[in-house]
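Q: Pasting target-v5.cif here (mmCIF, N, CA, C and O atoms):
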```
data_entry
loop_
_atom_site.label_atom_id
_atom_site.label_comp_id
_atom_site.auth_asym_id
_atom_site.auth_seq_id
_atom_site.Cartn_x
_atom_site.Cartn_y
_atom_site.Cartn_z
N MET A 196 -2.43 15.68 16.91
CA MET A 196 -3.06 15.24 15.68
C MET A 196 -4.35 14.50 16.05
O MET A 196 -4.35 13.58 16.83
N GLY A 197 -5.43 14.93 15.44
CA GLY A 197 -6.72 14.32 15.72
C GLY A 197 -6.94 13.05 14.94
O GLY A 197 -6.16 12.69 14.05
N VAL A 198 -8.01 12.37 15.28
CA VAL A 198 -8.35 11.11 14.61
C VAL A 198 -8.57 11.35 13.12
O VAL A 198 -8.11 10.57 12.28
N PHE A 199 -9.25 12.45 12.77
CA PHE A 199 -9.49 12.75 11.36
C PHE A 199 -8.18 12.91 10.61
O PHE A 199 -8.02 12.39 9.50
N ASP A 200 -7.22 13.61 11.21
CA ASP A 200 -5.91 13.79 10.57
C ASP A 200 -5.18 12.47 10.41
O ASP A 200 -4.51 12.24 9.40
N GLN A 201 -5.31 11.59 11.40
CA GLN A 201 -4.66 10.27 11.31
C GLN A 201 -5.27 9.44 10.19
O GLN A 201 -4.55 8.77 9.45
N VAL A 202 -6.59 9.49 10.07
CA VAL A 202 -7.27 8.75 9.00
C VAL A 202 -6.86 9.32 7.65
O VAL A 202 -6.55 8.58 6.71
N LYS A 203 -6.81 10.64 7.56
CA LYS A 203 -6.41 11.30 6.31
C LYS A 203 -4.99 10.91 5.93
O LYS A 203 -4.70 10.59 4.78
N GLN A 204 -4.09 10.90 6.92
CA GLN A 204 -2.70 10.52 6.67
C GLN A 204 -2.61 9.05 6.24
O GLN A 204 -1.86 8.71 5.33
N ALA A 205 -3.37 8.18 6.88
CA ALA A 205 -3.36 6.76 6.52
C ALA A 205 -3.86 6.57 5.09
O ALA A 205 -3.32 5.76 4.34
N MET A 206 -4.88 7.30 4.71
CA MET A 206 -5.42 7.20 3.34
C MET A 206 -4.39 7.69 2.33
O MET A 206 -4.23 7.10 1.26
N GLN A 207 -3.68 8.76 2.67
CA GLN A 207 -2.63 9.29 1.80
C GLN A 207 -1.50 8.26 1.65
O GLN A 207 -1.00 8.04 0.55
N MET A 208 -1.12 7.63 2.75
CA MET A 208 -0.07 6.61 2.70
C MET A 208 -0.49 5.45 1.82
O MET A 208 0.30 4.93 1.04
N ARG A 209 -1.74 5.04 1.95
CA ARG A 209 -2.24 3.93 1.15
C ARG A 209 -2.23 4.29 -0.33
O ARG A 209 -1.81 3.48 -1.17
N LYS A 210 -2.65 5.48 -0.65
CA LYS A 210 -2.66 5.95 -2.04
C LYS A 210 -1.24 5.98 -2.61
O LYS A 210 -0.99 5.52 -3.72
N GLU A 211 -0.30 6.51 -1.83
CA GLU A 211 1.09 6.59 -2.26
C GLU A 211 1.70 5.21 -2.43
O GLU A 211 2.43 4.94 -3.38
N THR A 212 1.38 4.31 -1.52
CA THR A 212 1.89 2.94 -1.61
C THR A 212 1.38 2.26 -2.87
O THR A 212 2.14 1.57 -3.56
N LYS A 213 0.12 2.45 -3.20
CA LYS A 213 -0.44 1.85 -4.43
C LYS A 213 0.22 2.43 -5.67
O LYS A 213 0.50 1.72 -6.63
N ARG A 214 0.50 3.74 -5.65
CA ARG A 214 1.15 4.38 -6.80
C ARG A 214 2.55 3.80 -6.99
O ARG A 214 2.95 3.44 -8.10
N ILE A 215 3.29 3.66 -5.89
CA ILE A 215 4.64 3.12 -5.97
C ILE A 215 4.60 1.67 -6.44
O ILE A 215 5.40 1.24 -7.27
N GLN A 216 3.64 0.90 -5.93
CA GLN A 216 3.50 -0.50 -6.34
C GLN A 216 3.24 -0.58 -7.84
O GLN A 216 3.82 -1.42 -8.52
N SER A 217 2.41 0.30 -8.37
CA SER A 217 2.13 0.31 -9.81
C SER A 217 3.38 0.62 -10.61
O SER A 217 3.62 0.02 -11.65
N GLU A 218 4.18 1.57 -10.12
CA GLU A 218 5.42 1.91 -10.81
C GLU A 218 6.38 0.74 -10.81
O GLU A 218 7.05 0.46 -11.79
N ILE A 219 6.47 0.04 -9.69
CA ILE A 219 7.37 -1.11 -9.60
C ILE A 219 6.90 -2.23 -10.52
O ILE A 219 7.69 -2.87 -11.20
N GLU A 220 5.59 -2.46 -10.57
CA GLU A 220 5.06 -3.51 -11.44
C GLU A 220 5.29 -3.20 -12.91
O GLU A 220 5.35 -4.10 -13.74
N ALA A 221 5.45 -1.91 -13.25
CA ALA A 221 5.69 -1.51 -14.64
C ALA A 221 7.13 -1.80 -15.08
O ALA A 221 7.41 -1.85 -16.27
N ILE A 222 8.02 -2.01 -14.13
CA ILE A 222 9.42 -2.32 -14.45
C ILE A 222 9.49 -3.76 -14.94
O ILE A 222 8.93 -4.66 -14.32
N THR A 223 10.15 -3.98 -16.07
CA THR A 223 10.34 -5.34 -16.56
C THR A 223 11.80 -5.56 -16.92
O THR A 223 12.54 -4.61 -17.16
N SER A 224 12.17 -6.82 -16.96
CA SER A 224 13.52 -7.19 -17.35
C SER A 224 13.45 -8.47 -18.17
O SER A 224 12.72 -9.39 -17.83
N GLU A 225 14.22 -8.50 -19.23
CA GLU A 225 14.29 -9.69 -20.09
C GLU A 225 15.72 -10.21 -20.06
O GLU A 225 16.67 -9.44 -20.16
N TYR A 226 15.85 -11.51 -19.90
CA TYR A 226 17.16 -12.14 -19.87
C TYR A 226 17.12 -13.36 -20.79
O TYR A 226 16.17 -14.14 -20.74
N SER A 227 18.15 -13.49 -21.62
CA SER A 227 18.21 -14.60 -22.58
C SER A 227 19.55 -15.30 -22.49
O SER A 227 20.58 -14.66 -22.26
N ASN A 228 19.51 -16.62 -22.72
CA ASN A 228 20.74 -17.41 -22.77
C ASN A 228 20.39 -18.79 -23.30
O ASN A 228 19.39 -19.39 -22.90
N GLY A 229 21.19 -19.28 -24.23
CA GLY A 229 21.04 -20.64 -24.72
C GLY A 229 19.69 -20.95 -25.34
O GLY A 229 19.21 -22.07 -25.24
N GLY A 230 19.06 -19.96 -25.97
CA GLY A 230 17.78 -20.21 -26.63
C GLY A 230 16.58 -20.10 -25.70
O GLY A 230 15.46 -20.44 -26.08
N ILE A 231 16.81 -19.63 -24.48
CA ILE A 231 15.72 -19.45 -23.52
C ILE A 231 15.66 -17.98 -23.15
O ILE A 231 16.69 -17.35 -22.88
N THR A 232 14.45 -17.41 -23.14
CA THR A 232 14.25 -16.02 -22.76
C THR A 232 13.19 -15.95 -21.68
O THR A 232 12.13 -16.59 -21.80
N CYS A 233 13.47 -15.18 -20.64
CA CYS A 233 12.53 -15.00 -19.54
C CYS A 233 12.29 -13.51 -19.33
O CYS A 233 13.24 -12.72 -19.33
N VAL A 234 11.04 -13.13 -19.15
CA VAL A 234 10.67 -11.75 -18.85
C VAL A 234 9.99 -11.74 -17.49
O VAL A 234 9.06 -12.52 -17.25
N VAL A 235 10.49 -10.87 -16.59
CA VAL A 235 9.91 -10.75 -15.26
C VAL A 235 9.53 -9.29 -15.00
O VAL A 235 10.08 -8.38 -15.59
N ARG A 236 8.59 -9.12 -14.09
CA ARG A 236 8.08 -7.81 -13.71
C ARG A 236 8.72 -7.39 -12.38
O ARG A 236 9.22 -8.23 -11.64
N GLY A 237 8.65 -6.12 -12.07
CA GLY A 237 9.26 -5.57 -10.86
C GLY A 237 8.77 -6.18 -9.57
O GLY A 237 9.45 -6.11 -8.56
N ASP A 238 7.59 -6.80 -9.59
CA ASP A 238 7.10 -7.47 -8.39
C ASP A 238 7.51 -8.94 -8.38
O ASP A 238 6.96 -9.73 -7.63
N PHE A 239 8.47 -9.28 -9.22
CA PHE A 239 9.06 -10.62 -9.33
C PHE A 239 8.08 -11.66 -9.86
O PHE A 239 8.20 -12.85 -9.56
N THR A 240 7.13 -11.22 -10.66
CA THR A 240 6.22 -12.12 -11.36
C THR A 240 6.83 -12.46 -12.71
O THR A 240 7.25 -11.56 -13.45
N VAL A 241 6.90 -13.75 -13.05
CA VAL A 241 7.40 -14.16 -14.36
C VAL A 241 6.29 -13.91 -15.37
O VAL A 241 5.18 -14.46 -15.25
N LEU A 242 6.57 -13.06 -16.36
CA LEU A 242 5.58 -12.75 -17.39
C LEU A 242 5.61 -13.77 -18.52
O LEU A 242 4.56 -14.14 -19.05
N SER A 243 6.81 -14.20 -18.89
CA SER A 243 6.90 -15.18 -19.97
C SER A 243 8.23 -15.91 -19.95
O SER A 243 9.23 -15.39 -19.46
N ILE A 244 8.19 -17.12 -20.48
CA ILE A 244 9.39 -17.91 -20.73
C ILE A 244 9.24 -18.46 -22.14
O ILE A 244 8.23 -19.10 -22.45
N LYS A 245 10.22 -18.17 -22.97
CA LYS A 245 10.19 -18.66 -24.35
C LYS A 245 11.41 -19.54 -24.57
O LYS A 245 12.50 -19.25 -24.11
N VAL A 246 11.17 -20.64 -25.30
CA VAL A 246 12.23 -21.59 -25.59
C VAL A 246 12.31 -21.74 -27.11
O VAL A 246 11.29 -21.98 -27.77
N SER A 247 13.51 -21.59 -27.66
CA SER A 247 13.69 -21.69 -29.10
C SER A 247 13.46 -23.13 -29.58
O SER A 247 13.63 -24.08 -28.81
N PRO A 248 13.11 -23.29 -30.84
CA PRO A 248 12.92 -24.64 -31.39
C PRO A 248 14.18 -25.52 -31.27
O PRO A 248 14.08 -26.71 -31.02
N GLU A 249 15.34 -24.89 -31.41
CA GLU A 249 16.59 -25.65 -31.30
C GLU A 249 16.77 -26.21 -29.89
O GLU A 249 17.19 -27.35 -29.70
N THR A 250 16.43 -25.40 -28.89
CA THR A 250 16.55 -25.84 -27.50
C THR A 250 15.53 -26.93 -27.21
O THR A 250 15.83 -27.90 -26.50
N LEU A 251 14.35 -26.80 -27.77
CA LEU A 251 13.33 -27.86 -27.61
C LEU A 251 13.80 -29.18 -28.21
O LEU A 251 13.56 -30.25 -27.64
N LYS A 252 14.50 -29.12 -29.34
CA LYS A 252 15.04 -30.33 -29.95
C LYS A 252 16.07 -30.98 -29.04
O LYS A 252 16.13 -32.20 -28.94
N GLU A 253 16.88 -30.14 -28.36
CA GLU A 253 17.87 -30.67 -27.42
C GLU A 253 17.18 -31.44 -26.29
O GLU A 253 17.64 -32.50 -25.88
N ILE A 254 16.09 -30.88 -25.80
CA ILE A 254 15.35 -31.53 -24.71
C ILE A 254 14.81 -32.87 -25.20
O ILE A 254 14.94 -33.90 -24.54
N ALA A 255 14.24 -32.86 -26.41
CA ALA A 255 13.66 -34.08 -26.98
C ALA A 255 14.72 -35.14 -27.24
O ALA A 255 14.42 -36.33 -27.19
N SER A 256 15.96 -34.69 -27.48
CA SER A 256 17.02 -35.66 -27.77
C SER A 256 17.63 -36.23 -26.49
O SER A 256 18.63 -36.95 -26.55
N GLY A 257 17.06 -35.90 -25.35
CA GLY A 257 17.50 -36.54 -24.12
C GLY A 257 18.46 -35.73 -23.28
O GLY A 257 19.31 -36.30 -22.60
N LYS A 258 18.35 -34.41 -23.30
CA LYS A 258 19.21 -33.58 -22.48
C LYS A 258 18.38 -32.70 -21.52
O LYS A 258 18.59 -31.50 -21.44
N PRO A 259 17.46 -33.30 -20.78
CA PRO A 259 16.60 -32.50 -19.90
C PRO A 259 17.37 -31.85 -18.74
O PRO A 259 16.99 -30.76 -18.29
N GLU A 260 18.44 -32.47 -18.27
CA GLU A 260 19.19 -31.89 -17.16
C GLU A 260 19.84 -30.58 -17.58
O GLU A 260 19.84 -29.60 -16.84
N ARG A 261 20.39 -30.57 -18.78
CA ARG A 261 21.01 -29.34 -19.31
C ARG A 261 19.96 -28.26 -19.45
O ARG A 261 20.19 -27.11 -19.10
N PHE A 262 18.78 -28.63 -19.96
CA PHE A 262 17.70 -27.66 -20.11
C PHE A 262 17.29 -27.09 -18.75
O PHE A 262 17.12 -25.88 -18.59
N ALA A 263 17.14 -27.94 -17.76
CA ALA A 263 16.74 -27.49 -16.42
C ALA A 263 17.77 -26.51 -15.85
O ALA A 263 17.39 -25.48 -15.27
N THR A 264 19.05 -26.79 -16.05
CA THR A 264 20.10 -25.90 -15.58
C THR A 264 20.03 -24.56 -16.30
O THR A 264 20.12 -23.49 -15.69
N MET A 265 19.87 -24.60 -17.62
CA MET A 265 19.78 -23.38 -18.41
C MET A 265 18.55 -22.56 -18.01
O MET A 265 18.62 -21.34 -17.87
N LEU A 266 17.43 -23.22 -17.83
CA LEU A 266 16.20 -22.53 -17.46
C LEU A 266 16.36 -21.84 -16.11
O LEU A 266 15.99 -20.67 -15.95
N THR A 267 16.94 -22.53 -15.16
CA THR A 267 17.17 -21.95 -13.84
C THR A 267 18.08 -20.73 -13.95
O THR A 267 17.82 -19.69 -13.33
N THR A 268 19.13 -20.85 -14.74
CA THR A 268 20.07 -19.73 -14.92
C THR A 268 19.38 -18.52 -15.53
O THR A 268 19.58 -17.39 -15.08
N VAL A 269 18.55 -18.75 -16.53
CA VAL A 269 17.87 -17.64 -17.20
C VAL A 269 16.85 -16.97 -16.28
O VAL A 269 16.79 -15.75 -16.19
N VAL A 270 16.06 -17.75 -15.58
CA VAL A 270 15.07 -17.17 -14.66
C VAL A 270 15.77 -16.39 -13.56
O VAL A 270 15.39 -15.25 -13.25
N ASN A 271 16.82 -16.96 -12.98
CA ASN A 271 17.56 -16.25 -11.94
C ASN A 271 18.23 -14.99 -12.48
O ASN A 271 18.28 -13.97 -11.79
N GLY A 272 18.72 -15.04 -13.70
CA GLY A 272 19.32 -13.85 -14.33
C GLY A 272 18.30 -12.74 -14.51
O GLY A 272 18.58 -11.56 -14.22
N ALA A 273 17.11 -13.09 -14.96
CA ALA A 273 16.05 -12.09 -15.14
C ALA A 273 15.63 -11.51 -13.79
O ALA A 273 15.42 -10.30 -13.66
N LEU A 274 15.52 -12.35 -12.78
CA LEU A 274 15.14 -11.87 -11.45
C LEU A 274 16.20 -10.94 -10.87
O LEU A 274 15.88 -9.91 -10.27
N LYS A 275 17.46 -11.28 -11.08
CA LYS A 275 18.56 -10.45 -10.58
C LYS A 275 18.52 -9.07 -11.24
O LYS A 275 18.68 -8.05 -10.58
N GLN A 276 18.30 -9.06 -12.56
CA GLN A 276 18.25 -7.79 -13.29
C GLN A 276 17.07 -6.93 -12.82
O GLN A 276 17.22 -5.73 -12.61
N VAL A 277 15.89 -7.53 -12.68
CA VAL A 277 14.73 -6.74 -12.29
C VAL A 277 14.87 -6.26 -10.85
O VAL A 277 14.41 -5.18 -10.51
N LYS A 278 15.52 -7.03 -10.01
CA LYS A 278 15.77 -6.59 -8.63
C LYS A 278 16.63 -5.33 -8.63
O LYS A 278 16.34 -4.37 -7.91
N ALA A 279 17.68 -5.34 -9.44
CA ALA A 279 18.56 -4.17 -9.53
C ALA A 279 17.79 -2.96 -10.05
O ALA A 279 17.93 -1.86 -9.52
N ARG A 280 16.97 -3.16 -11.08
CA ARG A 280 16.18 -2.05 -11.64
C ARG A 280 15.18 -1.52 -10.63
O ARG A 280 14.97 -0.32 -10.52
N THR A 281 14.56 -2.42 -9.89
CA THR A 281 13.59 -2.01 -8.88
C THR A 281 14.27 -1.22 -7.78
O THR A 281 13.76 -0.19 -7.34
N GLN A 282 15.43 -1.68 -7.35
CA GLN A 282 16.18 -0.97 -6.31
C GLN A 282 16.60 0.42 -6.79
O GLN A 282 16.52 1.39 -6.04
N GLU A 283 17.02 0.53 -8.06
CA GLU A 283 17.38 1.83 -8.63
C GLU A 283 16.17 2.77 -8.63
O GLU A 283 16.28 3.94 -8.26
N ALA A 284 15.03 2.25 -9.04
CA ALA A 284 13.81 3.07 -9.10
C ALA A 284 13.41 3.53 -7.70
O ALA A 284 13.04 4.70 -7.51
N MET A 285 13.49 2.64 -6.72
CA MET A 285 13.14 3.01 -5.35
C MET A 285 14.10 4.07 -4.81
O MET A 285 13.68 5.01 -4.15
N ALA A 286 15.38 3.94 -5.13
CA ALA A 286 16.37 4.92 -4.67
C ALA A 286 16.07 6.29 -5.29
O ALA A 286 16.14 7.31 -4.60
N LYS A 287 15.71 6.30 -6.56
CA LYS A 287 15.37 7.57 -7.22
C LYS A 287 14.12 8.19 -6.59
O LYS A 287 14.05 9.40 -6.40
N MET A 288 13.13 7.36 -6.28
CA MET A 288 11.92 7.87 -5.64
C MET A 288 12.24 8.48 -4.28
O MET A 288 11.71 9.52 -3.91
N MET A 289 13.12 7.81 -3.53
CA MET A 289 13.49 8.32 -2.20
C MET A 289 14.25 9.64 -2.33
O MET A 289 14.01 10.57 -1.59
N GLN A 290 15.15 9.72 -3.31
CA GLN A 290 15.95 10.93 -3.50
C GLN A 290 15.09 12.10 -3.97
O GLN A 290 15.31 13.24 -3.57
N SER A 291 14.12 11.81 -4.84
CA SER A 291 13.29 12.89 -5.38
C SER A 291 12.22 13.34 -4.39
O SER A 291 11.51 14.30 -4.64
N GLY A 292 12.10 12.62 -3.29
CA GLY A 292 11.12 13.02 -2.28
C GLY A 292 9.73 12.48 -2.53
O GLY A 292 8.81 12.82 -1.81
N ASP A 293 9.56 11.63 -3.54
CA ASP A 293 8.24 11.08 -3.83
C ASP A 293 7.68 10.30 -2.65
O ASP A 293 6.49 10.20 -2.48
N MET A 294 8.56 9.73 -1.83
CA MET A 294 8.09 8.93 -0.72
C MET A 294 8.05 9.72 0.58
O MET A 294 7.68 9.22 1.62
N GLY A 295 8.38 11.01 0.51
CA GLY A 295 8.39 11.84 1.70
C GLY A 295 7.07 11.89 2.41
O GLY A 295 7.00 11.88 3.63
N SER A 296 6.00 11.88 1.63
CA SER A 296 4.67 11.95 2.27
C SER A 296 4.36 10.70 3.08
O SER A 296 3.62 10.76 4.07
N ILE A 297 4.93 9.58 2.70
CA ILE A 297 4.69 8.34 3.45
C ILE A 297 5.32 8.43 4.83
O ILE A 297 4.78 7.98 5.81
N PHE A 298 6.48 9.07 4.87
CA PHE A 298 7.23 9.14 6.12
C PHE A 298 7.05 10.47 6.82
O PHE A 298 7.84 10.85 7.67
N GLY A 299 6.01 11.20 6.43
CA GLY A 299 5.70 12.45 7.11
C GLY A 299 6.54 13.62 6.69
O GLY A 299 6.65 14.62 7.38
N GLY A 300 7.15 13.52 5.48
CA GLY A 300 8.03 14.59 5.00
C GLY A 300 7.32 15.68 4.28
O GLY A 300 6.20 15.77 4.01
#
```
Could you write out this structure as structure tokens?
A:
Amino acid sequence: MGVFDQVKQAMQMRKETKRIQSEIEAITSEYSNGGITCVVRGDFTVLSIKVSPETLKEIASGKPERFATMLTTVVNGALKQVKARTQEAMAKMMQSGDMGSIFGG
């Protein structure tokens, strides 16, 4: 394999990696519990956290520890769900051969 072929293969790998990254970033998961909703993206970026007015009243009435526990639970739940979805998507890509070009297939 010549240098030109190696450069061409590297460019193809980079293009395929960017495509896969875009597909993963398009995956989202929403998790709700106790008046708190969290949405995360496939790259584990938190897109939003929403807190209901009732939950905000609880915080204002002096229950910040409960809120912190609930918030942690909701964020972790959303991350766990998106991780599972991302893993499923990657497995499908591997099975369908979409990643074959990266590994010389």
Q: Using only N, CA, C and O atoms, which residues sit within 6 Å of stretch 216-228 of chain A once same-chain residues fewer than 6 positions away are excluded, as a PyMOL selection string?
A: chain A and resi 234-238+265+269+272-273+276-277
Q: Store the residues of this selection in a file with N, CA, C and O atoms, as a compact mmCIF listing (two decimals), in the coordinates of the input.
A:
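Below is the file that was written, out36.txt:
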```txt
# COMPACT_ATOMS: atom_id res chain seq x y z
N VAL A 234 11.04 -13.13 -19.15
CA VAL A 234 10.67 -11.75 -18.85
C VAL A 234 9.99 -11.74 -17.49
O VAL A 234 9.06 -12.52 -17.25
N VAL A 235 10.49 -10.87 -16.59
CA VAL A 235 9.91 -10.75 -15.26
C VAL A 235 9.53 -9.29 -15.00
O VAL A 235 10.08 -8.38 -15.59
N ARG A 236 8.59 -9.12 -14.09
CA ARG A 236 8.08 -7.81 -13.71
C ARG A 236 8.72 -7.39 -12.38
O ARG A 236 9.22 -8.23 -11.64
N GLY A 237 8.65 -6.12 -12.07
CA GLY A 237 9.26 -5.57 -10.86
C GLY A 237 8.77 -6.18 -9.57
O GLY A 237 9.45 -6.11 -8.56
N ASP A 238 7.59 -6.80 -9.59
CA ASP A 238 7.10 -7.47 -8.39
C ASP A 238 7.51 -8.94 -8.38
O ASP A 238 6.96 -9.73 -7.63
N MET A 265 19.87 -24.60 -17.62
CA MET A 265 19.78 -23.38 -18.41
C MET A 265 18.55 -22.56 -18.01
O MET A 265 18.62 -21.34 -17.87
N VAL A 269 18.55 -18.75 -16.53
CA VAL A 269 17.87 -17.64 -17.20
C VAL A 269 16.85 -16.97 -16.28
O VAL A 269 16.79 -15.75 -16.19
N GLY A 272 18.72 -15.04 -13.70
CA GLY A 272 19.32 -13.85 -14.33
C GLY A 272 18.30 -12.74 -14.51
O GLY A 272 18.58 -11.56 -14.22
N ALA A 273 17.11 -13.09 -14.96
CA ALA A 273 16.05 -12.09 -15.14
C ALA A 273 15.63 -11.51 -13.79
O ALA A 273 15.42 -10.30 -13.66
N GLN A 276 18.30 -9.06 -12.56
CA GLN A 276 18.25 -7.79 -13.29
C GLN A 276 17.07 -6.93 -12.82
O GLN A 276 17.22 -5.73 -12.61
N VAL A 277 15.89 -7.53 -12.68
CA VAL A 277 14.73 -6.74 -12.29
C VAL A 277 14.87 -6.26 -10.85
O VAL A 277 14.41 -5.18 -10.51
```
Q: I'd like the box whose edges run along x, y and z of the file and which contains every listed atom of stretch 283-293 of chain A, padded by 3 Å per side; could you state its centre and edge lengths in Å, one decimal, as lines of an AutoDock Vina configuration file?
A:
```
center_x = 11.9
center_y = 7.4
center_z = -5.3
size_x = 16.9
size_y = 19.8
size_z = 13.5
```
Q: For each of A:Ile231, A:Val241, A:Ala279, A:Met289, take the minimum atom-to-atom distance to A:Thr264, counting only C-alpha atoms, then give the residue where this is smallest.
A: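 Of the candidates, the smallest distance to A:Thr264 is held by A:Ile231.
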Q: Can you work out the spacing between atom C of A:Met285 and atom N of A:Leu242 in Å, to one decimal?
A: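 Result for atom C of A:Met285 versus atom N of A:Leu242: 22.0 Å, one decimal.
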Q: Considering all atoms listed in the file, return as an mmCIF file with N, CA, C and O atoms, in the coordinates of the input whatever protein or nucleic-acid residues lie within 8 Å of stretch 246-248 of chain A, sequence-local ones (same chain, fewer than 5 positions apart) excluded.
A:
```cif
data_model
loop_
_atom_site.group_PDB
_atom_site.id
_atom_site.type_symbol
_atom_site.label_atom_id
_atom_site.label_comp_id
_atom_site.auth_asym_id
_atom_site.auth_seq_id
_atom_site.Cartn_x
_atom_site.Cartn_y
_atom_site.Cartn_z
ATOM 1 N N ASN A 228 19.510 -16.620 -22.720
ATOM 2 C CA ASN A 228 20.740 -17.410 -22.770
ATOM 3 C C ASN A 228 20.390 -18.790 -23.300
ATOM 4 O O ASN A 228 19.390 -19.390 -22.900
ATOM 5 N N GLY A 229 21.190 -19.280 -24.230
ATOM 6 C CA GLY A 229 21.040 -20.640 -24.720
ATOM 7 C C GLY A 229 19.690 -20.950 -25.340
ATOM 8 O O GLY A 229 19.210 -22.070 -25.240
ATOM 9 N N GLY A 230 19.060 -19.960 -25.970
ATOM 10 C CA GLY A 230 17.780 -20.210 -26.630
ATOM 11 C C GLY A 230 16.580 -20.100 -25.700
ATOM 12 O O GLY A 230 15.460 -20.440 -26.080
ATOM 13 N N ILE A 231 16.810 -19.630 -24.480
ATOM 14 C CA ILE A 231 15.720 -19.450 -23.520
ATOM 15 C C ILE A 231 15.660 -17.980 -23.150
ATOM 16 O O ILE A 231 16.690 -17.350 -22.880
ATOM 17 N N THR A 232 14.450 -17.410 -23.140
ATOM 18 C CA THR A 232 14.250 -16.020 -22.760
ATOM 19 C C THR A 232 13.190 -15.950 -21.680
ATOM 20 O O THR A 232 12.130 -16.590 -21.800
ATOM 21 N N CYS A 233 13.470 -15.180 -20.640
ATOM 22 C CA CYS A 233 12.530 -15.000 -19.540
ATOM 23 C C CYS A 233 12.290 -13.510 -19.330
ATOM 24 O O CYS A 233 13.240 -12.720 -19.330
ATOM 25 N N GLU A 253 16.880 -30.140 -28.360
ATOM 26 C CA GLU A 253 17.870 -30.670 -27.420
ATOM 27 C C GLU A 253 17.180 -31.440 -26.290
ATOM 28 O O GLU A 253 17.640 -32.500 -25.880
ATOM 29 N N ILE A 254 16.090 -30.880 -25.800
ATOM 30 C CA ILE A 254 15.350 -31.530 -24.710
ATOM 31 C C ILE A 254 14.810 -32.870 -25.200
ATOM 32 O O ILE A 254 14.940 -33.900 -24.540
ATOM 33 N N ALA A 255 14.240 -32.860 -26.410
ATOM 34 C CA ALA A 255 13.660 -34.080 -26.980
ATOM 35 C C ALA A 255 14.720 -35.140 -27.240
ATOM 36 O O ALA A 255 14.420 -36.330 -27.190
#
```
Q: Please give the complete set of residues from chain A that DSSP, run on the backbone, assigns to strand (DSSP E or B), formatted as JSON, numbers by chain.
A: {"A": [223, 224, 225, 226, 227, 228, 231, 232, 233, 234, 235, 236, 241, 242, 243, 244, 245, 246]}
Q: Check the smallest atom-to-atom distance from each of A:Ile215, A:Val270, A:Leu251, A:Ala263 to A:Ala284 using only C-alpha atoms, then report the winner.
A: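 Using only C-alpha atoms, the shortest distance to A:Ala284 belongs to A:Ile215.
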Q: How far is it from atom CA of A:Met208 to atom CA of A:Phe239, in Å with one decimal?
A: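 One can read the atom CA of A:Met208 to atom CA of A:Phe239 distance as 22.9 Å.
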Q: By how many Å are atom N of A:Lys278 and atom C of A:Ser243 apart?
A: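 Spanning atom N of A:Lys278 to atom C of A:Ser243 is a straight-line distance of 15.2 Å.
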Q: Export stretch 245-271 of chain A, C-alpha atoms, as a PDB file, in the first residue's frame; it's the structure right above.
A:
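Output (decode_28.pdb):
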```pdb
ATOM      1  CA  LYS A 245     -36.551  21.038  33.891  1.00  0.00           C
ATOM      2  CA  VAL A 246     -37.965  21.324  37.387  1.00  0.00           C
ATOM      3  CA  SER A 247     -41.708  21.537  38.039  1.00  0.00           C
ATOM      4  CA  PRO A 248     -43.116  24.440  40.074  1.00  0.00           C
ATOM      5  CA  GLU A 249     -44.151  21.992  42.802  1.00  0.00           C
ATOM      6  CA  THR A 250     -40.591  20.696  43.131  1.00  0.00           C
ATOM      7  CA  LEU A 251     -39.270  24.257  43.238  1.00  0.00           C
ATOM      8  CA  LYS A 252     -41.662  24.989  46.114  1.00  0.00           C
ATOM      9  CA  GLU A 253     -40.244  21.973  47.968  1.00  0.00           C
ATOM     10  CA  ILE A 254     -36.737  23.363  47.567  1.00  0.00           C
ATOM     11  CA  ALA A 255     -37.867  26.785  48.789  1.00  0.00           C
ATOM     12  CA  SER A 256     -39.524  25.201  51.818  1.00  0.00           C
ATOM     13  CA  GLY A 257     -36.179  23.874  52.994  1.00  0.00           C
ATOM     14  CA  LYS A 258     -35.708  20.469  51.400  1.00  0.00           C
ATOM     15  CA  PRO A 259     -32.576  21.036  49.272  1.00  0.00           C
ATOM     16  CA  GLU A 260     -31.026  17.664  50.196  1.00  0.00           C
ATOM     17  CA  ARG A 261     -34.032  15.799  48.823  1.00  0.00           C
ATOM     18  CA  PHE A 262     -33.873  17.901  45.656  1.00  0.00           C
ATOM     19  CA  ALA A 263     -30.154  17.182  45.208  1.00  0.00           C
ATOM     20  CA  THR A 264     -30.786  13.443  45.583  1.00  0.00           C
ATOM     21  CA  MET A 265     -33.670  13.537  43.108  1.00  0.00           C
ATOM     22  CA  LEU A 266     -31.677  15.599  40.611  1.00  0.00           C
ATOM     23  CA  THR A 267     -28.749  13.188  40.787  1.00  0.00           C
ATOM     24  CA  THR A 268     -31.096  10.229  40.289  1.00  0.00           C
ATOM     25  CA  VAL A 269     -32.756  11.808  37.262  1.00  0.00           C
ATOM     26  CA  VAL A 270     -29.500  12.835  35.567  1.00  0.00           C
ATOM     27  CA  ASN A 271     -27.989   9.396  36.171  1.00  0.00           C
TER      28      ASN A 271
END
```
